[in-house]
Structures are given as C-alpha cells and as structure tokens.
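Presented below is the structure to which this report refers.
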Amino acid sequence: MSVMNLVSYEDALASYDPVMGLEVHVELGTKTKMFCGCSTELGAEPNSQTCPTCLGLPGSLPVVNAVGVESAVKIGLALNCEIAEWCRFARKNYFYPDMPKNFQTSQYDEPIAFNGYLDVQLEDGSTFRVEIERAHMEEDTGKSSHVGGATGRIHGATHSLLDYNRAGIPLIEIVTKPIVGAGERAPEVAKAYVAELRELIKSLGVSEARMDKGQMRCDVNLSLRPHGTETFGTRSETKNVNSLRSVERAARFEIQRHATVLTDGGTIVQETRHFHEDDGTTTSGRIKDNAEDYRYFPEPDLVPVAPSREWVEELRAALPELPRVRRARLQAEWGLSDKDMQSVLNAGAVEPIQETIAAGAPADQARKWWMGELARRANETGTELAEQPITPAQVARVTALVAEGKLNDKLARQVIEAVLAGEGEPDEVVEKRGLAVVSDDSALGAAVDQAIAENEAVAAKIRDGKVAAVGALVGAVMKATRGQADAARVKDLILERLGAEGQ
Amino acid sequence: MTELIRFTAAETAGAIAKGEVSAVEVAQAHLDRIEAVDKKVNAFLHVDTEGALAAARAVDEKRAKGEELGPLAGVPLALKDVFTTKGIPTTCGSKMLEGWIPPYDATLTTRLKDAGVVILGKTNMDEFAMGSSTENSAYGPTGNPWDLTRIPGGSGGGSAAALAAFEAPLAIGTDTGGSIRQPGAVTGTVGVKPTYGSVSRYGLVAFSSSLDQGGPCARTVLDAALLHEAIAGHDPLDSTSIDAPVPAVVEAAKMRDVRGMRIGVVKEFAGEGYQTGVMQRFDESVELLRELGAEVVEVSCPSFTLALPAYYLIAPSECSSNLARFDAMRYGLRVGDDGSRSAEEVTALTREAGFGDEVKRRIILGTYALSSGYYDAYYGSAQKVRTLISRDFDSAFAGVDVLVSPTTPTTAFPIGERADDPMAMYLADLCTIPSNLAGNAAMSLPVGLAPEDNLPVGLQIIAPAMADDRLYRVGGAVEAALNDKWGHTLLEEVPAL
C-alpha cells in the first residue's frame with residue numbers, strides 16, 4: 001500500500017477511534033546474563049560470550065541473576081505496580097534457531113510486577129495516564145544474520161549466521177493496558193510514553209535504554225473501532241520500532257492504513273508488521289490469526305521468585321527521584337512558566353541546562369544559551385541538543401567570562417561558535433582570537449576622542465544635556481573597536497569627556 | 001586378579017589406601033573384565049581406558065606422596081551416559097547425540113573426579129532415560145547378567161548390569177520414575193534415588209526436570225552410602241539443589257539396627273499384576289523387619305493409584321520442552337542439510353531420524369498435554385494429583401519412619417516381551433513413581449530370588465525428603481540379616497558369563 005492511497009489522518013480520526021497497546025522490551029544493564037555468568041558487553045566477537053547454559057547445551061541449567069530481579073522490582077515500583085509476593089518463570093516454547101533451547105525462559109501468568117501506570121506529559125503540557133498491565137522478566141535471543149539475499153532478510157538468503165552473545169541477556173517486557181481515549185493524539189501519546197519510560201529506566205540506573213543500540217525496543221499494537229463502539233477492532237503488531245520518532249510515525253501510519261482498509265470494506269488481518277524508517281510505512285510480517293500456541297508451563301529448572309515485603313520496601317525507599325518529580329522541581333528552581341518548561345523539555349534541554357548550572361552558570365544564562373543559540377543550531381543541523389560539540393562546562397565558562405566583564409554578549413556568541421567549530425576551550429578561543437573586551441581606558445580613549453571629533457553635532461547635543469544621544473557615539477566606538485569594547489565603559493568615557501557626567 | 005573385581009567399593013578403597021593393591025591394578029582388572037564380558041552384556045556405550053588408567057595413576061601418585069585419600073579413591077565406576085563428561089562422548093543412548101563431545105563436566109562428574117573415583121566409561125540406557133528395559137537404546141539392548149535374554153531394567157540398565165556382571169563395583173544412575181530402583185531390583189543390586197535436589201542436576205541431560213534425580217548404584221548398601229556421600233550436596237549451578245547438610249548415610253548404613261523403627265506397608269502396592277514370587281519375598285522381608293525389632297503397620301495411600309497417569313502427563317510435558325533443543329543447529333546429528341533445505345526442514349528431518357519411537361511418543365504426548373485448551377485438563381490435573389500424592393506421603397510419614405513395598409511388580413521380563421506394549425512397560429514403574437512425584441528418597445535392595453524363575457526381587461524402602469539416612473539404616477540391617485541367613489551375598493549366585 002503506498003502512502004498516496006491512504007485515507008488522510010484527519011479523515012481516519014473522523015471515523016475511527018484508535019486503541020493502542022505498547023510492549024516495550026528493555027535490555028537490563030546487568031554485568032552478566034539473566035541465567036548464567038557470561039558478560040553482557042556489546043560488540044564482542046560473535047559467540048565469544050557464551051557458555052553451556054546460554055548455548056542451551058544438553059545438561060546445562062539456569063540460575064537467576066539477582067541483580068536482574070532487583071532491576072525488575074525497581075522498574076515495577078517506579079511504574080506504580082504491585083510487586084508479586086511469589087512468582088515463577090515459565091517456558092515459552094517455539095522453535096527458532098536463534099533461541100538455543102527452543103524455548104524462551106520468560107514469565108507467563110505470574111509476572112513480577114503488575115497493575116501500574118505511568119503519567120506522561122504531552123507537548124501542550126497536559127498529562128496522560130498510561131495504565132500498565134505488567135512488567136515481567138525474560139531472556140533475549142541470539143541474533144541471526146541472513147547471508148546471500150538482497151535484503152538481509154531470510155527470504156532469498158543462502159545461509160544464516162548465528163551469534164549467541166545476546167542470548168540470555170536479561171530483558172524486562174513492559175506491557176500497557178489498552179490505551180483508549182487518546183484520539184488524534186494517540187501517536188503523540190505513544191511517543192511520549194516511550195520517551196517517559198526511557199527517562200524512567202535511565203534514572204533508575206538499570207539500563208542505558210539506548211533505542212539506537214537495541215537496548216530498548218517497542219512493539220506498537222494498534223486497532224481502530226468506529227466512534228461510539230466499545231468492542232476493539234482487530235489489531236496489527238508493528239514490531240521492533242527503534243526510535244521515538246518512529247514510534248509516533250508507526251502509530252500514525254497504522255491508523256491511516258487501518259482506516260483505509262476498513263473504509264474500503266476490508267478486514268484487518270491480525271499479523272505482525274515491519275516498520276520502514278525510510279518512508280514511514282509498515283509491511284506485512286507473520287500472520288497471527290490462530291493465536292500461536294507457546295505451550296507455556298512453569299519453568300521446572302528454577303525455583304519461584306519471592307521478593308520479601310521488607311526488601312521491596314527497601315527498594316521503594318531507595319528509588320531515585322523520578323523524572324516527572326525532578327522536572328517539577330527543576331521548573332520551580334529555574335522559575336519557569338509551564339510553557340517555558342515545556343519548551344525546554346521539547347528541546348531536550350533539561351540535562352544540558354542542569355549540567356551547565358551545576359558547572360557554575362546562573363539558571364537564566366544556562367537556559368538562554370541552550371534554548372537560544374544552541375537549540376537553533378541543533379534544529380538547523382537536525383541533531384540532538386545534547387549531542388552538540390560543546391560541553392555544559394564550556395557553556396558555563398562562557399557565562400562566567402561574561403559575568404566577569406571579559407566578554408560581552410556579542411563576543412560570547414563568537415566564543416560559543418568557535419568552541420562548536422572545534423577551536424578549543426573558551427579561554428583558548430578568547431586568547432587566540434583576541435576577543436577580550438577592550439576596557440583599557442587609554443586604548444578606548446583614542447577611539448572615544450576620534451568618535452567625538454567625527455560626530456561634532458552629536459557631541460554638541462550631549463554637551464547641551466541631551467544625554468540620550470550618547471547611543472550614536474557608543475555605536476561609533478563599538479564599530480571602531482569591532483565590538484570588543486565594554487559598551488558601559490564607553491558610555492561613561494564619552495559622558496566624562498563631554499562633561500555630562502552624573503546625568 | 002579375578003578377586004579384585006569381586007571386592008566391594010569399601011574393600012577396594014581400603015586395599016588401595018593400605019597399599020595392598022594399586023589403583024592402576026584395580027582399574028586394569030575391571031577394564032579386562034569389561035573386555036572379556038561386555039560383548040555379551042552390552043553395559044557400556046563407551047569405555048575410557050586411557051582416562052580410567054590416568055585417573056588411577058593419579059590416585060597411586062597421591063598415595064605415594066603420602067597425601068590423604070578419600071573413602072572412594074581409586075574405586076572404579078560406571079557412569080550412566082546421561083551425565084556430561086568433558087572430552088568423552090555423551091549420547092544419552094540416542095542417535096541424536098552420536099559423536100557429541102561435551103565441552104564441560106557435570107557437577108556430579110566433577111565430584112567423582114575430585115573424590116579420586118576412576119570413571120571406567122559410560123553405560124547404556126533407554127534413549128534419553130525413557131524406558132524400563134534399556135531396549136529403547138539406539139545402541140542395542142543390554143542383557144541382564146542373571147539371564148542375558150532378559151532385560152536389566154531401565155532406563156539405567158547399563159549401570160545395573162555393569163554391577164551385576166562385576167564390570168564395576170559402583171555405578172551412577174538417574175531416577176525419573178524408577179530408573180535407578182527398578183534396574184537395581186531386577187539385577188539384584190542396590191539402587192538409591194536420593195531426595196530430589198540433593199544431587200546436582202547440572203550436566204544431567206534433562207528428561208523431566210522436576211522428577212530427574214541422579215543417585216548411587218552399588219552391590220552393597222554401604223557402598224551406595226559412600227557413593228551417595230561423594231555426589232550429594234548443594235550446588236549453586238542447580239537452582240533446585242537443596243542447601244542443607246547431606247544426611248549421615250554412611251553412619252546409618254553401618255548401624256544395622258532397626259529396633260523401635262516404625263515401618264509402613266503400602267496397602268495399594270499388592271494384588272493383581274504382582275508376581276507371586278515377588279510378593280513372597282516381599283512378605284518375608286516384612287516379617288524379617290519385624291523379627292529385627294521394627295514395628296510394622298499397614299498404611300493406605302489412596303492417591304498412589306493415580307500416580308502412573310499423572311506421571312505420564314508431567315514427564316512427557318517436560319520432556320517435550322527439554323528435548324526441543326535437539327534441532328541440528330548447534331551440535332549432534334544433522335540430517336538433510338544439502339544446501340537446498342531450510343533450517344526448519346533440516347530440524348524436522350533430523351528429529352525424525354534422530355529420535356526413537358518411545359521418545360517421539362512422549363514428545364507428542366507432552367506437546368498435546370501442554371497445548372492451549374488442554375493444559376488445565378492434563379498438565380494442570382496431573383499437578384493436582386502430584387499434590388495429593390505428597391499429602392498421602394505426609395500423612396503416612398506422620399505415623400511411620402519409612403514405607404516399604406516391592407520395587408517392581410515382576411522380576412526381569414524377556415527382552416522383546418513388552419517392547420510393543422508401552423502400557424505393560426509403564427507398569428514396571430508403578431511402585432517407584434510416587435516418590436519421584438513427591439520428591440522424597442527411596443531405595444531398592446535385593447531380598448532374594450523369586451522361586452518360580454530364580455530371578456532377583458527388590459524391596460523398596462521409602463523415606464521422607466531429606467531423611468535419606470533412614471533408607472540406609474533399614475537397608476543395611478536387612479542386607480546384613482539376609483547375608484547372614486544365606487551365608488553369602490545374593491550376587492554370588494549370578495551365573496558365570
């Protein structure tokens with residue numbers, strides 16, 4: 001289906017109400033795998049981080065990673081979930097070569113965390129509550145690479161290579177309850193939810209949650225129902241959507257695609273879909289019309305996990321400040337309106353501003369630079385604000401130089417640009433480019449005298465008490481010094497020379 | 001040197017420790033015996049001559065240096081081919097694993113090596129431990145040394161036959177539904193299924209994870225106790241391993257005193273299907289216990305009649321999942337990989353060619369029982385029965401110290417007799433299965449020959465979980481009394497091979 005034939009987003013929403021379910025897999029940042037002692041470090045030689053257990057060799061047995069369980073409980077608590085007093089792992093049975101045992105050790109009807117919610121903030125500043133069905137522990141599979149085909153897909157490949165380094169890396173799967181009532185904002189809610197979840201996971205320190213590295217992956221389940229109906233429509237499952245922007249686009253495309261099919265009188269096939277970054281479309285994957293039978297049963301090789309209430313309360317008490325609370329605190333500390341705070345959030349400027357303040361800059365100055373000059377540049381280059389080639393410490397140093405009177409605003413801008421251009425630390429730039437403010441009275445004196453001489457008419461007005469005219473002379477001096485003069489000092493000198501002091 | 005092969009493990013270790021014989025001499029005597037008789041018996045799938053002699057030399061060197069030797073140092077052992085052995089083939093009696101050389105040792109293998117036990121080789125078994133006759137081995141059946149035309153029991157028929165044929169004084173088995181005890185019973189040897197969780201399963205190729213338990217096989221109760229002590233104990237690599245001290249089984253085996261013990265006879269294990277001679281020897285054993293000063297009472301465990309069907313849902317369910325890993329992708333057999341077939345097709349062809357009928361039957365049974373819509377009725381109900389059986393045991397053990405029954409309803413049947421009748425085959429484990437479902441400890445001990453066929457009969461003793469020492473106390477006393485009565489051990493009556 002090409003984008004051209006799709007029902008427009010507005011038309012889709014006019015007829016249908018989207019219902020979403022989001023399944024997010026987070027790879028935990030534990031040092032070792034979920035059920036064995038192998039390293040979880042990424043990028044190692046294929047199959048170099050394996051052992052009998054994660055290769056599923058005959059006779060091998062799993063042992064639960066205690067840090068993995070602790071991380072799961074922390075995530076559950078941060079998502080306002082109930083934590084199971086007793087739960088088990090279960091085997092999810094299906095054959096696939098990248099799964100060494102041909103079953104995935106997961107959790108089925110006894111997840112470690114369940115019944116929670118996550119409040120997410122939308123771009124207009126309003127809050128949307130996403131209800132959490134469950135968060136459970138499981139293990140990752142190995143990675144297949146299909147060789148010989150054109151697309152890297154298994155179709156057309158001559159053979160496949162398997163890397164089991166990833167097999168057994170702990171995963172937490174977080175599943176939402178059906179998200180209803182988001183209406184036209186469904187794609188935005190999806191994006192905001194995943195973004196908030198990512199912040200949450202990072203703040204807990206349980207994973208870096210890098211979507212570009214596959215440490216966090218999102219499946220977008222979506223269905224439409226005609227306005228006014230209660231029953232859910234048939235859903236599609238768009239798998240492994242790997243950026244925030246893609247989550248939003250995938251949801252949006254599926255809304256339009258479903259609407260197109262339904263409007264034509266067709267039926268939605270329950271299937272998995274692949275999302276394509278290049279054109280923002282999805283294509284058909286596996287049909288799931290007869291729900292696959294995974295023959296789940298309790299994992300007999302593991303004993304039940306029974307987190308004691310004392311331990312759970314200890315973990316709850318030790319939870320770090322959660323992103324939402326932190327944002328509210330920062331907004332108050334920085335004295336921002338809801339709207340300004342939202343702009344800061346949308347620009348991804350919270351971290352840079354906070355770090356710049358931590359490096360000694362006043363809050364308003366830190367925000368001014370990141371939300372002004374630097375945000376503009378990020379926008380122009382289509383890059384993340386936090387990835388600009390300047391550190392919060394460098395920005396803080398520039399604000400310090402301004403405060404000390406060594407730079408004025410214009411010069412500061414030049415220093416920032418030079419740092420971004422890779423010319424070194426702010427102080428080096430000032431030195432090399434000779435950008436320091438000229439405040440030496442003898443050097444300035446000559447420029448002032450020259451300006452008075454060349455603008456006698458203006459000078460006369462000032463002598464007559466029209467002090468407001470001084471701006472013209474200040475401008476002339478600034479021009480002559482190529483902006484390096486301290487404007488306040490120039491003004492004082494002119495008034496002094498013209499005997500208009502103290503006015 | 002023919003005498004060496006008739007020594008008990010305790011005697012062998014003692015002789016080596018005193019320097020009366022070298023460990024190498026002992027190992028060589030057993031290797032010679034295997035060479036001489038195993039063509040007939042087929043107890044071994046792989047004999048590790050070099051490894052055995054090297055292990056024996058190491059013991060001799062240790063002794064020469066004056067280092068202290070463990071209680072089983074230098075004693076040869078036959079290891080069931082279901083435990084992984086680094087660098088030594090491990091087939092589980094299946095074509096599926098033909099040629100597979102494990103890169104790691106099972107915890108049990110490591111413990112045996114650390115104890116200075118000399119591993120002679122790997123023994124024959126029903127494929128993936130599924131069977132009661134060793135006829136399901138992909139490498140041919142094992143003969144019962146009492147009558148080579150009869151089965152040695154199963155699945156650990158190779159280990160039991162190696163003991164009865166004097167190819168090894170010690171052996172290791174695994175017991176999922178009776179695979180240690182039933183072979184012990186039909187070969188006139190001692191077999192113990194320890195409490196579930198007391199012997200590590202790390203490196204035991206799983207048949208049914210919640211039931212499998214490795215354990216000792218020997219010709220005497222004391223030897224079994226010595227081996228029990230060597231292999232049991234907590235293992236952090238097995239999550240289901242019990243972190244508690246191993247009961248004092250060696251001490252118990254030496255007590256030879258059952259006065260004051262309360263012994264329960266399980267009412268349900270008698271009647272139709274039980275061979276007359278088996279019941280006769282069993283009744284005599286009960287009488288003997290009474291004479292030795294034990295108090296004998298009859299107990300009823302009504303749920304035990306449901307044990308067999310529950311077992312044949314739980315074990316196949318777990319096996320259908322455990323055996324899924326044999327997919328031709330990473331190790332073992334690979335069939336049909338001609339460059340044109342998909343991975344899925346190669347997996348299917350390999351499983352078709354690599355698994356025997358009984359294994360396939362159980363995989364299909366288990367796959368069905370776990371299927372959506374059937375799970376509650378089959379797997380779910382079976383788990384409930386499991387709970388009922390545990391409760392029956394609990395109430396029985398509230399009144400008695402141990403329970404006794406025949407180990408298996410009949411003596412060794414002829415090879416081929418039940419091969420095409422799975423239900424008849426399954427009945428061989430009728431009395432042993434409840435202990436696997438409940439996870440407690442049980443022993444089979446030879447108590448004579450059935451008069452009608454002159455084949456060994458086993459007495460089963462069952463103790464509560466973590467009370468394994470009671471098995472040895474009762475078993476040791478019965479064994480001593482019978483040996484006194486006969487003037488020799490039962491195995492001295494095994495015909496020459």
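The way I read the labels, and the way they are meant: chains A, B, ... in the order of the structure tokens, residue 1 as the first residue of every chain, and ligand 1 as the first ligand shown, with later ones counted on from there.
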
Which residues, written as a compact mmCIF listing (two decimals) with N, CA and C atoms, in the first residue's frame, have at least one atom at most 8 Å from Phe393 in chain B, with only C-alpha atoms counted and residues fewer than 3 positions away on the same chain left out?
# COMPACT_ATOMS: atom_id res chain seq x y z
N CYS B 301 -2.37 -45.32 50.99
CA CYS B 301 -2.07 -44.10 50.24
C CYS B 301 -2.94 -44.12 48.99
N ILE B 389 -0.60 -36.83 46.12
CA ILE B 389 0.36 -37.89 46.44
C ILE B 389 1.29 -37.43 47.56
N SER B 390 1.73 -36.19 47.47
CA SER B 390 2.59 -35.66 48.55
C SER B 390 1.86 -35.67 49.88
N ALA B 396 1.17 -40.51 55.82
CA ALA B 396 1.78 -41.80 56.14
C ALA B 396 3.00 -41.61 57.04
N PHE B 397 3.83 -40.64 56.68
CA PHE B 397 5.06 -40.44 57.47
C PHE B 397 4.78 -39.81 58.84
N ALA B 438 6.65 -36.98 44.50
CA ALA B 438 6.70 -36.28 45.78
C ALA B 438 8.10 -35.74 46.09
N PRO B 464 11.00 -39.99 54.03
CA PRO B 464 10.65 -38.59 53.73
C PRO B 464 11.85 -37.85 53.14

| said: Residues of chain A within 10 Å of chain B, counting only C-alpha atoms, what are they? List them as a PyMOL selection string. | reply: chain A and resi 35-36+51-53+55-64+91-103+154+157-160+162+291-304

| request: Could you tell me, as an NGL selection string, which residues of range 88-331 of chain A DSSP assigns to strand (DSSP E) when given the backbone? | output: :A and (90-93 or 103-106 or 113-121 or 127-139 or 143-147 or 159-163 or 170-176 or 216-226 or 236-241 or 271-275 or 282-287 or 297-298)

| Polymer residues at most 12 Å from Lys113 in chain B, only C-alpha atoms, same-chain spacing of 6 or more positions, as a list of chain:residue names | B:Gly51, B:Ala52, B:Ala54, B:Ala55, B:Ala56, B:Ala58, B:Val59, B:Gly70, B:Leu72, B:Ala73, B:Gly74, B:Val75, B:Pro76, B:Leu77, B:Leu79, B:Thr85, B:Lys86, B:Asp105, B:Ala106, B:Thr107, B:Ile119, B:Leu120, B:Ala230, B:Ile231

| task | Name all residues at most 12 Å from Arg219 in chain B (count only C-alpha atoms; drop same-chain ones fewer than 2 positions away) and give them as a count of residues only. | result | 46

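Put simply, CA of Ile34 in chain B is 16.8 Å away from CA of Gly140 in chain B.
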
| field | Selection: 6 Å around Arg252 in chain A, only C-alpha atoms, excl. self and same-chain fewer than 3 positions, as a list in words | value | Pro187, Arg249 and Ile255 of chain A

Just-selected residues, N, CA and C atoms written as a PDB file, in the first residue's frame:
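Done, and the output landed in selection-v3.pdb:
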ATOM      1  N   PRO A 187      -0.684   8.841  18.427  1.00  0.00           N
ATOM      2  CA  PRO A 187       0.745   8.718  18.088  1.00  0.00           C
ATOM      3  C   PRO A 187       1.633   9.535  19.033  1.00  0.00           C
ATOM      4  N   ARG A 249       5.529   7.764  14.199  1.00  0.00           N
ATOM      5  CA  ARG A 249       5.200   7.588  12.777  1.00  0.00           C
ATOM      6  C   ARG A 249       4.493   6.255  12.528  1.00  0.00           C
ATOM      7  N   ILE A 255      -2.741   3.904  11.843  1.00  0.00           N
ATOM      8  CA  ILE A 255      -4.094   4.483  11.945  1.00  0.00           C
ATOM      9  C   ILE A 255      -4.634   4.727  10.537  1.00  0.00           C
TER      10      ILE A 255
END

| Residues flagged helix (DSSP H, G or I) by DSSP in range 71-237 of chain A, as a VMD selection string | chain A and resid 71 to 78 183 to 204 211 to 213

| message | At a cut-off of 8 Å, using only C-alpha atoms, what residues contact Leu200 in chain A? Leave out same-chain residues fewer than 6 positions from it and give the result as a VMD selection string. | response | chain A and resid 78 322 to 323

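Remark: for Pro89 in chain B, the closest of the candidate residues B:Leu292, B:Gly332, B:Asp147, B:Tyr196 is B:Gly332 (distances computed over only C-alpha atoms).
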
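Distance-wise, CA of Tyr117 in chain A and CA of Val130 in chain A end up 5.5 Å apart.
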
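Distance-wise, CA of Glu229 in chain B and CA of Leu459 in chain B end up 22.0 Å apart.
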
| request: Point out the residue among B:Leu455, B:Ala13, B:Met261, B:Met443 with the least atom-to-atom distance to Pro495 in chain B, counting only C-alpha atoms. | output: B:Leu455

| So which residues touch Val206 in chain A within 10 Å, counting only C-alpha atoms, skipping near sequence neighbours fewer than 6 positions away, as a ChimeraX atom specification? | /A:26-30,67-68,70-72,74-75,200

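Remark: for Met130 in chain B, the closest of the candidate residues B:Ile363, B:Leu45, B:Ala348, B:Val297 is B:Ile363 (distances computed over only C-alpha atoms).
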
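Across B:Asp32, B:Asp212, B:Glu50, B:Asp38, the tightest approach to Pro141 in chain B is made by B:Asp38 when counting only C-alpha atoms.
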